[in-house]
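Source file: entry28.txt (compact mmCIF, C-alpha atoms)
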# COMPACT_ATOMS: atom_id res chain seq x y z
CA MET A 1 -28.16 -8.34 -133.95
CA LEU A 2 -30.29 -6.78 -131.25
CA HIS A 3 -33.98 -7.45 -131.52
CA LEU A 4 -35.96 -4.63 -129.97
CA LEU A 5 -39.72 -3.99 -130.12
CA GLY A 6 -40.16 -5.76 -133.44
CA VAL A 7 -37.12 -4.29 -135.19
CA ASN A 8 -33.70 -5.86 -135.76
CA LEU A 9 -30.82 -3.52 -134.99
CA PRO A 10 -27.54 -4.69 -136.62
CA ASP A 11 -24.64 -4.94 -134.19
CA GLN A 12 -22.00 -2.98 -136.07
CA LYS A 13 -24.17 0.11 -136.52
CA LEU A 14 -23.79 3.15 -134.29
CA VAL A 15 -26.73 3.48 -131.91
CA GLN A 16 -27.38 6.99 -133.18
CA TYR A 17 -27.95 5.70 -136.70
CA ALA A 18 -29.68 2.47 -135.73
CA LEU A 19 -32.55 4.08 -133.79
CA PRO A 20 -34.04 5.78 -136.88
CA LEU A 21 -34.75 2.30 -138.22
CA PHE A 22 -37.85 2.47 -136.02
CA TYR A 23 -40.91 3.95 -137.70
CA GLY A 24 -41.44 7.27 -135.95
CA ILE A 25 -37.86 7.99 -134.90
CA GLY A 26 -35.68 10.26 -136.99
CA GLN A 27 -32.25 11.82 -136.48
CA LYS A 28 -33.42 14.44 -133.98
CA THR A 29 -35.27 12.11 -131.62
CA SER A 30 -32.42 9.62 -131.88
CA VAL A 31 -29.96 12.25 -130.57
CA LYS A 32 -32.41 13.17 -127.79
CA ILE A 33 -32.71 9.53 -126.74
CA LEU A 34 -28.94 9.15 -126.57
CA ALA A 35 -28.71 12.29 -124.45
CA ALA A 36 -31.45 11.07 -122.11
CA LEU A 37 -29.73 7.73 -121.58
CA SER A 38 -26.16 9.15 -121.52
CA ILE A 39 -24.94 6.94 -124.36
CA HIS A 40 -21.95 8.44 -126.17
CA LYS A 41 -22.23 9.10 -129.88
CA SER A 42 -19.68 6.56 -131.05
CA CYS A 43 -21.29 3.69 -129.15
CA LYS A 44 -22.27 0.72 -131.31
CA ILE A 45 -25.22 -1.57 -130.72
CA ALA A 46 -22.86 -4.40 -129.71
CA ASP A 47 -21.32 -2.18 -126.99
CA LEU A 48 -24.60 -1.53 -125.18
CA SER A 49 -24.80 -3.14 -121.74
CA GLU A 50 -27.86 -5.08 -120.52
CA PRO A 51 -29.24 -2.34 -118.20
CA GLN A 52 -28.78 0.18 -121.03
CA VAL A 53 -30.74 -2.02 -123.39
CA ASN A 54 -33.51 -2.32 -120.82
CA GLN A 55 -33.59 1.44 -120.29
CA LEU A 56 -33.73 1.93 -124.04
CA SER A 57 -36.63 -0.47 -124.48
CA THR A 58 -38.66 1.10 -121.66
CA LEU A 59 -38.06 4.56 -123.11
CA LEU A 60 -39.06 3.42 -126.58
CA SER A 61 -42.19 1.66 -125.39
CA ASP A 62 -43.39 4.92 -123.83
CA MET A 63 -43.00 6.77 -127.14
CA LYS A 64 -45.49 6.58 -129.95
CA ILE A 65 -43.67 4.57 -132.65
CA GLU A 66 -44.22 1.67 -135.06
CA SER A 67 -47.73 0.23 -135.08
CA ASP A 68 -49.20 2.78 -132.61
CA LEU A 69 -48.08 5.61 -134.82
CA ARG A 70 -49.32 3.93 -137.96
CA LYS A 71 -52.70 3.40 -136.35
CA GLN A 72 -52.91 7.03 -135.38
CA ILE A 73 -52.03 8.23 -138.86
CA ARG A 74 -54.53 5.89 -140.41
CA ALA A 75 -57.20 7.00 -137.93
CA ASN A 76 -56.56 10.67 -138.70
CA ILE A 77 -56.93 10.12 -142.43
CA MET A 78 -59.99 7.91 -141.97
CA HIS A 79 -61.56 10.67 -139.89
CA HIS A 80 -61.28 13.05 -142.83
CA ARG A 81 -62.63 10.43 -145.18
CA SER A 82 -65.58 9.51 -142.99
CA ILE A 83 -66.76 13.08 -142.55
CA GLY A 84 -66.43 13.69 -146.29
CA SER A 85 -64.12 16.68 -146.14
CA TYR A 86 -61.87 18.06 -148.90
CA VAL A 87 -58.80 16.45 -147.32
CA GLY A 88 -60.45 13.02 -147.31
CA ARG A 89 -61.44 13.36 -150.94
CA ARG A 90 -57.91 14.22 -152.01
CA HIS A 91 -56.48 11.24 -150.13
CA ALA A 92 -59.01 8.99 -151.81
CA MET A 93 -58.09 10.32 -155.26
CA GLY A 94 -54.35 10.07 -154.52
CA LEU A 95 -53.74 13.77 -155.22
CA PRO A 96 -52.00 16.54 -153.26
CA VAL A 97 -53.90 17.47 -150.13
CA ARG A 98 -52.37 20.77 -149.09
CA GLY A 99 -53.30 22.97 -152.00
CA GLN A 100 -50.36 22.31 -154.29
CA ASN A 101 -50.60 22.83 -158.04
CA THR A 102 -51.54 19.76 -160.06
CA LYS A 103 -51.01 21.10 -163.58
CA ASN A 104 -47.46 19.81 -163.31
CA ASN A 105 -45.45 18.17 -160.54
CA ALA A 106 -47.72 16.08 -158.38
CA LYS A 107 -45.65 12.93 -158.71
CA THR A 108 -44.93 12.23 -155.04
CA ALA A 109 -48.52 12.76 -154.06
CA ARG A 110 -49.79 10.52 -156.83
CA ARG A 111 -47.40 7.83 -155.74
CA LEU A 112 -47.92 8.03 -151.99
CA ASN A 113 -51.22 9.63 -151.13
CA GLY A 114 -53.78 6.87 -151.40
CA ARG A 115 -51.91 4.23 -149.45
CA TRP A 116 -53.40 4.67 -145.97
CA LEU A 117 -56.90 4.25 -147.34
CA LYS A 118 -56.05 1.13 -149.32
CA ALA A 119 -54.54 -0.45 -146.22
CA GLU A 120 -57.62 0.55 -144.26
CA LYS A 121 -59.93 -1.08 -146.80
CA LYS A 122 -58.06 -4.37 -146.64
CA GLU A 123 -57.72 -4.57 -142.88
CA TYR A 124 -60.95 -3.22 -141.50
CA SER A 125 -63.34 -4.40 -144.16
CA SER A 126 -64.83 -6.96 -141.82
CA LEU A 127 -64.88 -4.88 -138.65
CA ALA A 128 -67.57 -2.33 -137.96
CA ARG A 129 -66.12 1.16 -137.56
CA SER A 130 -67.90 1.78 -134.30
CA ILE A 131 -65.89 -0.88 -132.50
CA ILE A 132 -62.68 1.12 -132.81
CA PRO A 133 -62.74 3.60 -129.92
CA SER A 134 -61.65 7.16 -130.60
CA PRO A 135 -59.73 8.57 -127.66
CA SER A 136 -60.94 12.13 -128.08
CA SER A 137 -63.64 13.05 -130.54
CA PRO A 138 -63.62 16.50 -132.18
CA PHE A 139 -66.73 17.24 -130.17
CA GLU A 140 -64.90 16.85 -126.86
CA ASN A 141 -61.80 18.54 -128.24
CA PHE A 142 -63.84 21.65 -128.87
CA PHE A 143 -64.61 21.96 -125.17
CA THR A 144 -61.25 20.89 -123.78
CA ARG A 145 -59.41 23.39 -125.96
CA LYS A 146 -58.88 26.61 -124.01
CA TRP A 147 -60.54 29.18 -126.20
CA PHE A 148 -60.10 32.16 -123.87
CA MET B 1 -51.09 27.51 -138.84
CA PRO B 2 -54.62 27.25 -137.45
CA ARG B 3 -56.37 30.13 -135.71
CA SER B 4 -54.99 30.93 -132.25
CA ALA B 5 -57.01 29.36 -129.48
CA TRP B 6 -57.17 32.53 -127.37
CA LYS B 7 -59.18 34.26 -130.08
CA GLY B 8 -62.01 31.78 -129.94
CA PRO B 9 -63.45 29.96 -132.94
CA PHE B 10 -64.48 32.01 -135.96
CA PHE B 11 -68.19 31.68 -136.48
CA VAL B 12 -70.99 33.64 -138.02
CA THR B 13 -74.44 34.34 -136.64
CA LEU B 14 -76.63 32.61 -139.20
CA PRO B 15 -80.10 34.08 -139.67
CA GLY B 16 -81.84 30.80 -140.53
CA LEU B 17 -80.64 29.03 -137.41
CA ARG B 18 -83.77 29.37 -135.31
CA GLN B 19 -85.96 27.91 -138.06
CA ALA B 20 -83.48 25.10 -138.56
CA LEU B 21 -83.59 24.22 -134.88
CA THR B 22 -87.36 24.15 -134.64
CA GLN B 23 -88.65 23.04 -138.05
CA ASN B 24 -85.60 21.26 -139.52
CA ILE B 25 -85.36 23.55 -142.56
CA PRO B 26 -81.82 23.59 -144.02
CA VAL B 27 -79.82 26.77 -143.45
CA ARG B 28 -78.69 28.38 -146.70
CA THR B 29 -75.36 30.09 -146.28
CA ASN B 30 -72.45 31.59 -148.18
CA ALA B 31 -70.35 31.64 -145.01
CA ARG B 32 -67.90 28.87 -145.89
CA ALA B 33 -65.38 30.13 -143.34
CA CYS B 34 -67.72 29.57 -140.43
CA THR B 35 -66.43 26.99 -137.93
CA ILE B 36 -68.82 24.20 -137.03
CA ILE B 37 -69.81 24.59 -133.39
CA PRO B 38 -71.33 21.91 -131.14
CA SER B 39 -74.70 23.63 -131.32
CA PHE B 40 -74.75 23.00 -135.09
CA VAL B 41 -74.67 19.22 -134.68
CA GLY B 42 -77.72 17.58 -136.23
CA LEU B 43 -78.71 20.60 -138.31
CA LYS B 44 -78.89 20.64 -142.09
CA PHE B 45 -77.01 23.22 -144.11
CA GLN B 46 -76.82 24.25 -147.74
CA ILE B 47 -73.33 25.57 -148.36
CA HIS B 48 -72.47 27.74 -151.34
CA ASN B 49 -69.69 26.52 -153.63
CA GLY B 50 -69.70 29.46 -156.01
CA LYS B 51 -72.61 28.21 -158.06
CA ASP B 52 -74.98 25.87 -156.22
CA TYR B 53 -75.78 25.09 -152.63
CA VAL B 54 -74.40 21.74 -151.45
CA PRO B 55 -76.44 19.94 -148.76
CA LEU B 56 -74.79 18.83 -145.53
CA THR B 57 -76.01 17.23 -142.32
CA VAL B 58 -73.64 18.03 -139.48
CA THR B 59 -72.42 15.11 -137.37
CA ASP B 60 -70.52 14.89 -134.12
CA GLU B 61 -67.16 14.40 -135.82
CA MET B 62 -67.32 17.55 -137.95
CA VAL B 63 -67.15 19.98 -135.04
CA GLY B 64 -63.77 21.71 -135.43
CA HIS B 65 -63.90 21.99 -139.22
CA LYS B 66 -65.24 24.77 -141.43
CA LEU B 67 -68.39 24.59 -143.53
CA GLY B 68 -66.48 25.12 -146.79
CA GLU B 69 -64.48 21.90 -146.39
CA PHE B 70 -67.57 19.90 -147.23
CA ALA B 71 -68.59 21.82 -150.35
CA PRO B 72 -66.09 21.22 -153.15
CA THR B 73 -65.69 24.20 -155.47
CA ARG B 74 -64.23 22.60 -158.57
CA LYS B 75 -65.61 20.02 -160.92
CA ARG B 76 -63.66 16.82 -161.09
CA PHE B 77 -61.08 16.88 -163.87
CA SER B 78 -61.97 14.56 -166.75
CA TYR B 79 -60.09 14.43 -170.00
CA ARG B 80 -62.39 14.36 -172.99
CA GLN B 81 -60.61 14.41 -176.33
CA THR B 82 -62.36 16.76 -178.75
CA LYS B 83 -63.77 15.22 -181.88
CA ASN B 84 -62.39 18.04 -184.04
CA HIS B 85 -59.24 16.60 -185.54
CA ILE B 86 -56.58 19.28 -185.63
CA LYS B 87 -54.56 18.63 -188.74

Conversion result in structure tokens:
Amino acid sequence: MLHLLGVNLPDQKLVQYALPLFYGIGQKTSVKILAALSIHKSCKIADLSEPQVNQLSTLLSDMKIESDLRKQIRANIMHHRSIGSYVGRRHAMGLPVRGQNTKNNAKTARRLNGRWLKAEKKEYSSLARSIIPSPSSPFENFFTRKWF
Amino acid sequence: MPRSAWKGPFFVTLPGLRQALTQNIPVRTNARACTIIPSFVGLKFQIHNGKDYVPLTVTDEMVGHKLGEFAPTRKRFSYRQTKNHIK
């Protein structure tokens, strides 16, 4: 059982199928990571050597996964909510955001769409919003984007 | 897919803009597709939603979005059972 960056990777699993256990890594990025580190596809977690494990953990810590990714997603949705746009409203109501029909078939959206806002309410209810720094505001983005 | 960056943002020359800048009168507009530009920040708008004009004060964070995103066009769905019993 390899413990890496907050996630337990079971020993008997192939590395290729153990990496997607991280939030933010899927099958494609897993294959890319193996290629970058020259780990063969039938290598199991137990067969990884110490320097390989260290390389893997440095590579993973540079990527945006787990809590960093969750924070970014939550921040994006909160941005929409705080400016009061259509997207924010739909997230708050737990309905489809991207213009799907709601007469029938909105089951996944109804199940999954409000959850980032509920988590936000519980966690940040005591903090003031202004304390959380935004790395690039839409205002600055407008100028840094190369329009011509 | 959003509008290509090389084309520049889509915006409309709004006639009431000068008055809005000087006297703080809200700009009435039907141009929902107009992108919010940094020079709009702080101004008040009244955006058409098909029937009425919805008020909006533009903040710093709204800059890349369009005016129409802040003026919902449909009434919220509410189920009211009719009193006429259909036998």

Quiz prompt | stretch 37-49 of chain B surroundings by all atoms listed in the file, 6 Å radius, close-in-sequence under 3 positions cut, as number ranges by chain | solution = B: 26-30, 52-59, 63, 71, 73

Find the residues of chain B that sit at most 6 Å from chain A; for each, write down the nearest two atoms and how far apart they are in Å, to one decimal. Count all atoms listed in the file. Sort by chain, then by number going up, and give it as JSON lines.
{"residue": "B:Ala5", "atom": "CA", "partner": "A:Trp147", "partner_atom": "CA", "distance": 4.8}
{"residue": "B:Trp6", "atom": "CA", "partner": "A:Phe148", "partner_atom": "CA", "distance": 4.6}
{"residue": "B:Gly8", "atom": "CA", "partner": "A:Trp147", "partner_atom": "CA", "distance": 4.8}
{"residue": "B:Asp60", "atom": "CA", "partner": "A:Phe139", "partner_atom": "CA", "distance": 6.0}
{"residue": "B:Glu61", "atom": "CA", "partner": "A:Pro138", "partner_atom": "CA", "distance": 5.5}
{"residue": "B:Val63", "atom": "CA", "partner": "A:Phe139", "partner_atom": "CA", "distance": 5.6}
{"residue": "B:Glu69", "atom": "CA", "partner": "A:Ser85", "partner_atom": "CA", "distance": 5.2}
{"residue": "B:Phe70", "atom": "CA", "partner": "A:Ser85", "partner_atom": "CA", "distance": 4.8}

Self-check item: Counting all atoms listed in the file, the residue of A:Ile25, A:Pro20, A:Leu14, A:Met63 that sits nearest A:Ser42
Solution: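 When distances to A:Ser42 are compared using all atoms listed in the file, the smallest one comes from A:Leu14.
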
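Residues lying within 9 Å of A:Gln12, counting only C-alpha atoms and ignoring same-chain neighbours fewer than 6 positions away, are Met1, Lys44, Ile45 and Ala46 of chain A.
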
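Take atom CA of A:Val15 and atom CA of A:Pro51: the distance between them is 15.1 Å.
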
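Here atom CA of A:Asn101 and atom CA of B:Ala33 stand 22.1 Å from one another.
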
Quiz prompt | Atomic distance atom CA of A:Thr144 - atom CA of A:Arg81, expressed in Å with one decimal | solution = 23.9 Å

Quiz item: Between B:Asn84, B:Gln23, B:Gly50, B:Leu17, which has the minimum distance to B:Pro72 (counting all atoms listed in the file)?
Solution: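 The closest residue to B:Pro72 is B:Gly50.
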